[in-house]
$ cat start.tsv   # TSV, C-alpha atoms
chain	number	residue	atom	x	y	z
A	29	ALA	CA	7.33	9.22	0.46
A	30	ALA	CA	5.79	7.47	-2.56
A	31	GLU	CA	7.44	9.94	-4.92
A	32	LEU	CA	10.88	9.48	-3.32
A	33	LEU	CA	10.60	5.70	-3.33
A	34	SER	CA	9.32	5.75	-6.90
A	35	GLU	CA	12.39	7.69	-8.05
A	36	ASP	CA	14.66	5.09	-6.40
A	37	LYS	CA	12.54	2.15	-7.64
A	38	ARG	CA	12.01	0.95	-4.10
A	39	GLY	CA	8.81	-1.01	-3.57
A	40	MET	CA	6.16	0.20	-1.17
A	41	LEU	CA	2.82	-1.18	0.02
A	42	VAL	CA	0.66	0.91	2.36
A	43	ILE	CA	-2.88	0.01	3.42
A	44	PHE	CA	-5.14	2.86	4.48
A	45	LEU	CA	-7.93	1.46	6.63
A	46	ARG	CA	-11.44	2.80	6.38
A	47	ASN	CA	-14.30	0.89	8.04
A	48	ASN	CA	-12.85	-2.63	8.15
A	49	ASN	CA	-10.62	-3.29	11.15
A	50	LEU	CA	-8.31	-5.96	9.63
A	51	GLN	CA	-7.01	-6.85	13.10
A	52	ASP	CA	-5.98	-10.32	11.89
A	53	ILE	CA	-3.76	-8.69	9.22
A	54	ILE	CA	-2.38	-6.08	11.64
A	55	GLU	CA	-1.25	-8.86	14.00
A	56	THR	CA	0.88	-10.52	11.28
A	57	GLY	CA	3.28	-7.56	11.39
A	58	THR	CA	5.19	-5.52	13.93
A	59	ILE	CA	2.98	-3.13	15.92
A	60	LEU	CA	4.30	0.43	15.71
A	61	ASN	CA	1.50	2.86	16.66
A	62	ALA	CA	3.62	5.71	15.30
A	63	ASP	CA	2.69	9.02	13.74
A	64	LEU	CA	2.37	8.80	9.97
A	65	THR	CA	5.25	10.73	8.43
A	66	ALA	CA	6.93	10.59	5.03
A	67	SER	CA	10.31	10.05	6.67
A	68	LEU	CA	9.09	7.01	8.61
A	69	LEU	CA	7.56	5.47	5.48
A	70	VAL	CA	10.78	6.06	3.56
A	71	THR	CA	12.76	4.48	6.41
A	72	ILE	CA	10.52	1.41	6.41
A	73	PHE	CA	10.66	0.85	2.66
A	74	LYS	CA	13.94	2.33	1.42
A	75	PHE	CA	16.21	-0.08	3.23
A	76	ASP	CA	16.16	-3.86	3.31
A	77	THR	CA	14.92	-4.23	6.86
A	78	PRO	CA	12.52	-6.93	8.06
A	79	LEU	CA	9.64	-4.41	7.82
A	80	HIS	CA	10.33	-3.73	4.11
A	81	ASP	CA	8.84	-7.03	3.00
A	82	GLY	CA	5.17	-6.72	3.69
A	83	ALA	CA	2.52	-4.07	4.08
A	84	THR	CA	2.37	-1.08	6.37
A	85	ILE	CA	-1.08	-0.40	7.78
A	86	VAL	CA	-2.30	3.14	8.45
A	87	ARG	CA	-5.38	4.18	10.42
A	88	ASN	CA	-6.26	7.79	11.27
A	89	ASP	CA	-2.79	9.24	10.53
A	90	LYS	CA	-1.05	6.51	12.56
A	91	ILE	CA	1.15	3.72	11.28
A	92	ILE	CA	-0.40	0.84	13.19
A	93	SER	CA	1.75	-2.04	11.96
A	94	ALA	CA	4.45	-2.81	9.39
A	95	GLY	CA	5.75	-5.97	7.74
A	96	CYS	CA	2.22	-7.40	7.50
A	97	PHE	CA	1.27	-10.39	5.36
A	98	LEU	CA	-1.67	-10.03	3.00
A	99	PRO	CA	-3.87	-12.47	1.09
A	100	LEU	CA	-3.12	-12.60	-2.64
A	101	SER	CA	-5.76	-11.91	-5.24
A	102	GLU	CA	-7.33	-14.91	-6.92
A	103	GLN	CA	-8.05	-12.95	-10.11
A	104	GLN	CA	-6.88	-14.87	-13.16
A	105	ASP	CA	-6.53	-11.93	-15.53
A	106	ILE	CA	-3.91	-9.95	-13.58
A	107	LYS	CA	-1.07	-8.68	-15.76
A	108	LYS	CA	1.91	-11.04	-15.74
A	109	SER	CA	4.17	-8.08	-14.96
A	110	PHE	CA	2.49	-7.60	-11.57
A	111	GLY	CA	4.36	-9.23	-8.73
A	112	THR	CA	3.41	-10.22	-5.20
A	113	ARG	CA	3.08	-6.64	-3.96
A	114	HIS	CA	0.43	-5.86	-6.60
A	115	ARG	CA	-1.38	-9.18	-6.12
A	116	ALA	CA	-1.49	-8.59	-2.37
A	117	SER	CA	-2.86	-5.07	-2.80
A	118	LEU	CA	-5.68	-6.39	-4.97
A	119	GLY	CA	-6.29	-9.28	-2.56
A	120	ILE	CA	-6.84	-7.08	0.48
A	121	THR	CA	-9.11	-4.69	-1.43
A	122	GLU	CA	-11.21	-7.63	-2.62
A	123	GLN	CA	-11.80	-8.57	1.03
A	124	SER	CA	-12.13	-5.12	2.63
A	125	ASP	CA	-12.85	-1.46	1.96
A	126	ALA	CA	-9.17	-0.50	2.38
A	127	VAL	CA	-7.34	1.79	-0.04
A	128	VAL	CA	-3.88	0.49	-0.94
A	129	LEU	CA	-0.92	2.50	-2.22
A	130	VAL	CA	1.66	0.52	-4.22
A	131	VAL	CA	5.02	1.59	-5.62
A	132	SER	CA	6.49	-0.88	-8.07
A	133	GLU	CA	10.05	-2.00	-7.42
A	134	GLU	CA	10.54	-2.84	-11.10
A	135	THR	CA	9.17	0.31	-12.74
A	136	GLY	CA	8.77	2.86	-9.95
A	137	ASN	CA	5.13	3.33	-11.00
A	138	ILE	CA	2.74	4.54	-8.33
A	139	SER	CA	-0.67	2.85	-8.22
A	140	VAL	CA	-3.67	2.60	-5.93
A	141	ALA	CA	-5.93	-0.42	-5.47
A	142	ILE	CA	-9.57	0.09	-4.50
A	143	LYS	CA	-12.34	-2.54	-4.55
A	144	GLY	CA	-10.18	-5.06	-6.43
A	145	GLU	CA	-9.17	-2.65	-9.19
A	146	PHE	CA	-6.09	-0.54	-9.92
A	147	LYS	CA	-5.62	3.11	-10.72
A	148	LEU	CA	-2.25	2.78	-12.47
A	149	ARG	CA	0.75	5.03	-13.13
A	150	LEU	CA	-0.35	7.95	-10.99
A	151	SER	CA	1.58	11.18	-10.69
A	152	ALA	CA	2.25	12.55	-7.20
A	153	GLU	CA	-0.53	15.10	-7.72
A	154	GLU	CA	-3.02	12.46	-8.90
A	155	LEU	CA	-2.10	10.26	-5.93
A	156	GLU	CA	-2.64	13.07	-3.46
A	157	ARG	CA	-6.00	13.97	-5.00
A	158	LEU	CA	-7.17	10.34	-5.11
A	159	LEU	CA	-6.16	9.60	-1.51
A	160	ALA	CA	-7.82	12.80	-0.27
A	161	GLN	CA	-11.00	11.88	-2.12
A	162	GLU	CA	-11.10	8.25	-0.95
A	163	LEU	CA	-10.02	8.77	2.65
A	164	ASN	CA	-12.00	11.92	3.49
A	165	ASP	CA	-15.39	10.50	2.57
$ encode --input "start.tsv" --output "structure tokens"
Amino acid sequence: AAELLSEDKRGMLVIFLRNNNLQDIIETGTILNADLTASLLVTIFKFDTPLHDGATIVRNDKIISAGCFLPLSEQQDIKKSFGTRHRASLGITEQSDAVVLVVSEETGNISVAIKGEFKLRLSAEELERLLAQELND
């Protein structure tokens, strides 16, 4: 899904929960409790639906909620080119142990935020390897 959206320069923000529950964030969106599939993620983010603006939250291979609002990072040294999606991904990883996948609407770059830091411009293979490593621990 990230690769397809990257090619089309469609923004994407997906939070993969680990130990932190983030129930307060989940409740800001639309509860889905749907199986995690690439086609559902593409449907959420490819088209300008109400769920497109905001984060999708995933726990244990289920899309729990979509269209969620996130706290923005308070870091002062964030690149000026990073928009709200990137600031939100850093913000939630500063406050939780979540792993956040971001696709930039402007550049199509795929990035992951972990512990308030980015892994930038990932290939599909690097993304898959990183997510497997971070989420299977």
$ atom_distance --input "start.tsv" --atom1 "atom CA of A:Leu41" --atom2 "atom CA of A:Ala83"
5.0 Å
$ residues_near_point --input "start.tsv" --point "(6.7, 8.6, -0.1)" --cutoff "7 Å" --atoms "all atoms listed in the file" --output "mmCIF file with C-alpha atoms, in the frame of the given file"
data_model
loop_
_atom_site.group_PDB
_atom_site.id
_atom_site.type_symbol
_atom_site.label_atom_id
_atom_site.label_comp_id
_atom_site.auth_asym_id
_atom_site.auth_seq_id
_atom_site.Cartn_x
_atom_site.Cartn_y
_atom_site.Cartn_z
ATOM 1 C CA ALA A 29 7.330 9.220 0.460
ATOM 2 C CA ALA A 30 5.790 7.470 -2.560
ATOM 3 C CA GLU A 31 7.440 9.940 -4.920
ATOM 4 C CA LEU A 32 10.880 9.480 -3.320
ATOM 5 C CA LEU A 33 10.600 5.700 -3.330
ATOM 6 C CA ALA A 66 6.930 10.590 5.030
ATOM 7 C CA LEU A 69 7.560 5.470 5.480
ATOM 8 C CA VAL A 70 10.780 6.060 3.560
#
$ closest_residue --input "start.tsv" --among "A:Arg87, A:Arg38, A:Arg157, A:Lys143" --to "A:Ser124" --atoms "all atoms listed in the file"
A:Lys143
$ atom_distance --input "start.tsv" --atom1 "atom CA of A:Leu100" --atom2 "atom CA of A:Ile138"
19.0 Å
$ atom_distance --input "start.tsv" --atom1 "atom CA of A:Leu118" --atom2 "atom CA of A:Val42"
12.1 Å
$ residues_around --input "start.tsv" --residues "A:Phe97" --least-positions-apart "3" --cutoff "10 Å" --atoms "only C-alpha atoms" --output "list in words"
Asp52, Ile53, Ile54, Glu55, Thr56, Gly57, Asp81, Gly82, Ala83, Thr84, Ala94, Leu100 and Ala116 of chain A
$ decode --input "start.tsv" --residues "stretch 101-135 of chain A" --atoms "N, CA and C atoms" --output "PDB file, in the first residue's frame"
ATOM      1  N   SER A 101       4.550  17.205  17.132  1.00  0.00           N
ATOM      2  CA  SER A 101       5.833  17.280  17.818  1.00  0.00           C
ATOM      3  C   SER A 101       6.125  18.720  18.213  1.00  0.00           C
ATOM      4  N   GLU A 102       6.794  18.860  19.331  1.00  0.00           N
ATOM      5  CA  GLU A 102       7.226  20.184  19.799  1.00  0.00           C
ATOM      6  C   GLU A 102       8.691  20.447  19.443  1.00  0.00           C
ATOM      7  N   GLN A 103       9.320  19.517  18.731  1.00  0.00           N
ATOM      8  CA  GLN A 103      10.716  19.702  18.349  1.00  0.00           C
ATOM      9  C   GLN A 103      10.863  20.970  17.513  1.00  0.00           C
ATOM     10  N   GLN A 104      11.897  21.727  17.798  1.00  0.00           N
ATOM     11  CA  GLN A 104      12.127  22.991  17.092  1.00  0.00           C
ATOM     12  C   GLN A 104      12.984  22.821  15.844  1.00  0.00           C
ATOM     13  N   ASP A 105      13.728  21.732  15.756  1.00  0.00           N
ATOM     14  CA  ASP A 105      14.662  21.572  14.648  1.00  0.00           C
ATOM     15  C   ASP A 105      14.148  20.644  13.542  1.00  0.00           C
ATOM     16  N   ILE A 106      12.833  20.506  13.423  1.00  0.00           N
ATOM     17  CA  ILE A 106      12.243  19.704  12.359  1.00  0.00           C
ATOM     18  C   ILE A 106      12.420  20.446  11.036  1.00  0.00           C
ATOM     19  N   LYS A 107      12.742  19.676   9.986  1.00  0.00           N
ATOM     20  CA  LYS A 107      12.911  20.296   8.670  1.00  0.00           C
ATOM     21  C   LYS A 107      11.674  21.095   8.289  1.00  0.00           C
ATOM     22  N   LYS A 108      11.882  22.247   7.691  1.00  0.00           N
ATOM     23  CA  LYS A 108      10.769  23.104   7.261  1.00  0.00           C
ATOM     24  C   LYS A 108       9.904  22.420   6.207  1.00  0.00           C
ATOM     25  N   SER A 109      10.496  21.492   5.464  1.00  0.00           N
ATOM     26  CA  SER A 109       9.749  20.803   4.408  1.00  0.00           C
ATOM     27  C   SER A 109       8.746  19.787   4.959  1.00  0.00           C
ATOM     28  N   PHE A 110       8.875  19.427   6.243  1.00  0.00           N
ATOM     29  CA  PHE A 110       7.946  18.473   6.834  1.00  0.00           C
ATOM     30  C   PHE A 110       6.643  19.168   7.196  1.00  0.00           C
ATOM     31  N   GLY A 111       5.555  18.567   6.776  1.00  0.00           N
ATOM     32  CA  GLY A 111       4.242  19.127   7.064  1.00  0.00           C
ATOM     33  C   GLY A 111       3.611  18.496   8.292  1.00  0.00           C
ATOM     34  N   THR A 112       2.315  18.670   8.412  1.00  0.00           N
ATOM     35  CA  THR A 112       1.565  18.200   9.578  1.00  0.00           C
ATOM     36  C   THR A 112       1.662  16.691   9.754  1.00  0.00           C
ATOM     37  N   ARG A 113       1.601  15.953   8.667  1.00  0.00           N
ATOM     38  CA  ARG A 113       1.652  14.488   8.752  1.00  0.00           C
ATOM     39  C   ARG A 113       2.963  14.039   9.426  1.00  0.00           C
ATOM     40  N   HIS A 114       4.077  14.631   9.022  1.00  0.00           N
ATOM     41  CA  HIS A 114       5.367  14.266   9.603  1.00  0.00           C
ATOM     42  C   HIS A 114       5.470  14.738  11.064  1.00  0.00           C
ATOM     43  N   ARG A 115       4.985  15.938  11.337  1.00  0.00           N
ATOM     44  CA  ARG A 115       5.034  16.455  12.712  1.00  0.00           C
ATOM     45  C   ARG A 115       4.170  15.600  13.648  1.00  0.00           C
ATOM     46  N   ALA A 116       3.046  15.149  13.140  1.00  0.00           N
ATOM     47  CA  ALA A 116       2.170  14.283  13.936  1.00  0.00           C
ATOM     48  C   ALA A 116       2.817  12.925  14.181  1.00  0.00           C
ATOM     49  N   SER A 117       3.491  12.393  13.180  1.00  0.00           N
ATOM     50  CA  SER A 117       4.136  11.085  13.369  1.00  0.00           C
ATOM     51  C   SER A 117       5.236  11.166  14.419  1.00  0.00           C
ATOM     52  N   LEU A 118       6.004  12.243  14.411  1.00  0.00           N
ATOM     53  CA  LEU A 118       7.008  12.424  15.456  1.00  0.00           C
ATOM     54  C   LEU A 118       6.346  12.618  16.822  1.00  0.00           C
ATOM     55  N   GLY A 119       5.274  13.418  16.840  1.00  0.00           N
ATOM     56  CA  GLY A 119       4.589  13.710  18.103  1.00  0.00           C
ATOM     57  C   GLY A 119       4.104  12.467  18.812  1.00  0.00           C
ATOM     58  N   ILE A 120       3.486  11.547  18.083  1.00  0.00           N
ATOM     59  CA  ILE A 120       2.947  10.349  18.729  1.00  0.00           C
ATOM     60  C   ILE A 120       4.066   9.406  19.162  1.00  0.00           C
ATOM     61  N   THR A 121       5.194   9.402  18.427  1.00  0.00           N
ATOM     62  CA  THR A 121       6.295   8.525  18.839  1.00  0.00           C
ATOM     63  C   THR A 121       7.103   9.124  19.987  1.00  0.00           C
ATOM     64  N   GLU A 122       6.953  10.419  20.226  1.00  0.00           N
ATOM     65  CA  GLU A 122       7.572  11.031  21.402  1.00  0.00           C
ATOM     66  C   GLU A 122       6.788  10.686  22.667  1.00  0.00           C
ATOM     67  N   GLN A 123       5.507  10.358  22.497  1.00  0.00           N
ATOM     68  CA  GLN A 123       4.635  10.099  23.645  1.00  0.00           C
ATOM     69  C   GLN A 123       4.285   8.626  23.830  1.00  0.00           C
ATOM     70  N   SER A 124       4.737   7.762  22.922  1.00  0.00           N
ATOM     71  CA  SER A 124       4.385   6.342  23.009  1.00  0.00           C
ATOM     72  C   SER A 124       5.479   5.511  22.353  1.00  0.00           C
ATOM     73  N   ASP A 125       5.307   4.198  22.401  1.00  0.00           N
ATOM     74  CA  ASP A 125       6.257   3.296  21.755  1.00  0.00           C
ATOM     75  C   ASP A 125       5.782   2.865  20.363  1.00  0.00           C
ATOM     76  N   ALA A 126       4.832   3.574  19.798  1.00  0.00           N
ATOM     77  CA  ALA A 126       4.291   3.242  18.479  1.00  0.00           C
ATOM     78  C   ALA A 126       5.356   3.390  17.393  1.00  0.00           C
ATOM     79  N   VAL A 127       5.139   2.674  16.300  1.00  0.00           N
ATOM     80  CA  VAL A 127       5.938   2.795  15.086  1.00  0.00           C
ATOM     81  C   VAL A 127       5.013   3.404  14.045  1.00  0.00           C
ATOM     82  N   VAL A 128       5.467   4.482  13.385  1.00  0.00           N
ATOM     83  CA  VAL A 128       4.580   5.208  12.475  1.00  0.00           C
ATOM     84  C   VAL A 128       5.143   5.226  11.060  1.00  0.00           C
ATOM     85  N   LEU A 129       4.324   4.802  10.122  1.00  0.00           N
ATOM     86  CA  LEU A 129       4.644   4.813   8.698  1.00  0.00           C
ATOM     87  C   LEU A 129       4.057   6.071   8.078  1.00  0.00           C
ATOM     88  N   VAL A 130       4.892   6.813   7.335  1.00  0.00           N
ATOM     89  CA  VAL A 130       4.454   8.059   6.700  1.00  0.00           C
ATOM     90  C   VAL A 130       4.827   8.023   5.225  1.00  0.00           C
ATOM     91  N   VAL A 131       3.874   8.377   4.378  1.00  0.00           N
ATOM     92  CA  VAL A 131       4.170   8.621   2.965  1.00  0.00           C
ATOM     93  C   VAL A 131       3.902  10.101   2.723  1.00  0.00           C
ATOM     94  N   SER A 132       4.896  10.776   2.174  1.00  0.00           N
ATOM     95  CA  SER A 132       4.786  12.203   1.921  1.00  0.00           C
ATOM     96  C   SER A 132       3.936  12.474   0.694  1.00  0.00           C
ATOM     97  N   GLU A 133       2.988  13.388   0.853  1.00  0.00           N
ATOM     98  CA  GLU A 133       2.151  13.806  -0.266  1.00  0.00           C
ATOM     99  C   GLU A 133       2.944  14.626  -1.273  1.00  0.00           C
ATOM    100  N   GLU A 134       3.925  15.374  -0.798  1.00  0.00           N
ATOM    101  CA  GLU A 134       4.700  16.258  -1.672  1.00  0.00           C
ATOM    102  C   GLU A 134       5.739  15.497  -2.491  1.00  0.00           C
ATOM    103  N   THR A 135       6.455  14.578  -1.855  1.00  0.00           N
ATOM    104  CA  THR A 135       7.569  13.909  -2.523  1.00  0.00           C
ATOM    105  C   THR A 135       7.314  12.439  -2.836  1.00  0.00           C
TER     106      THR A 135
END
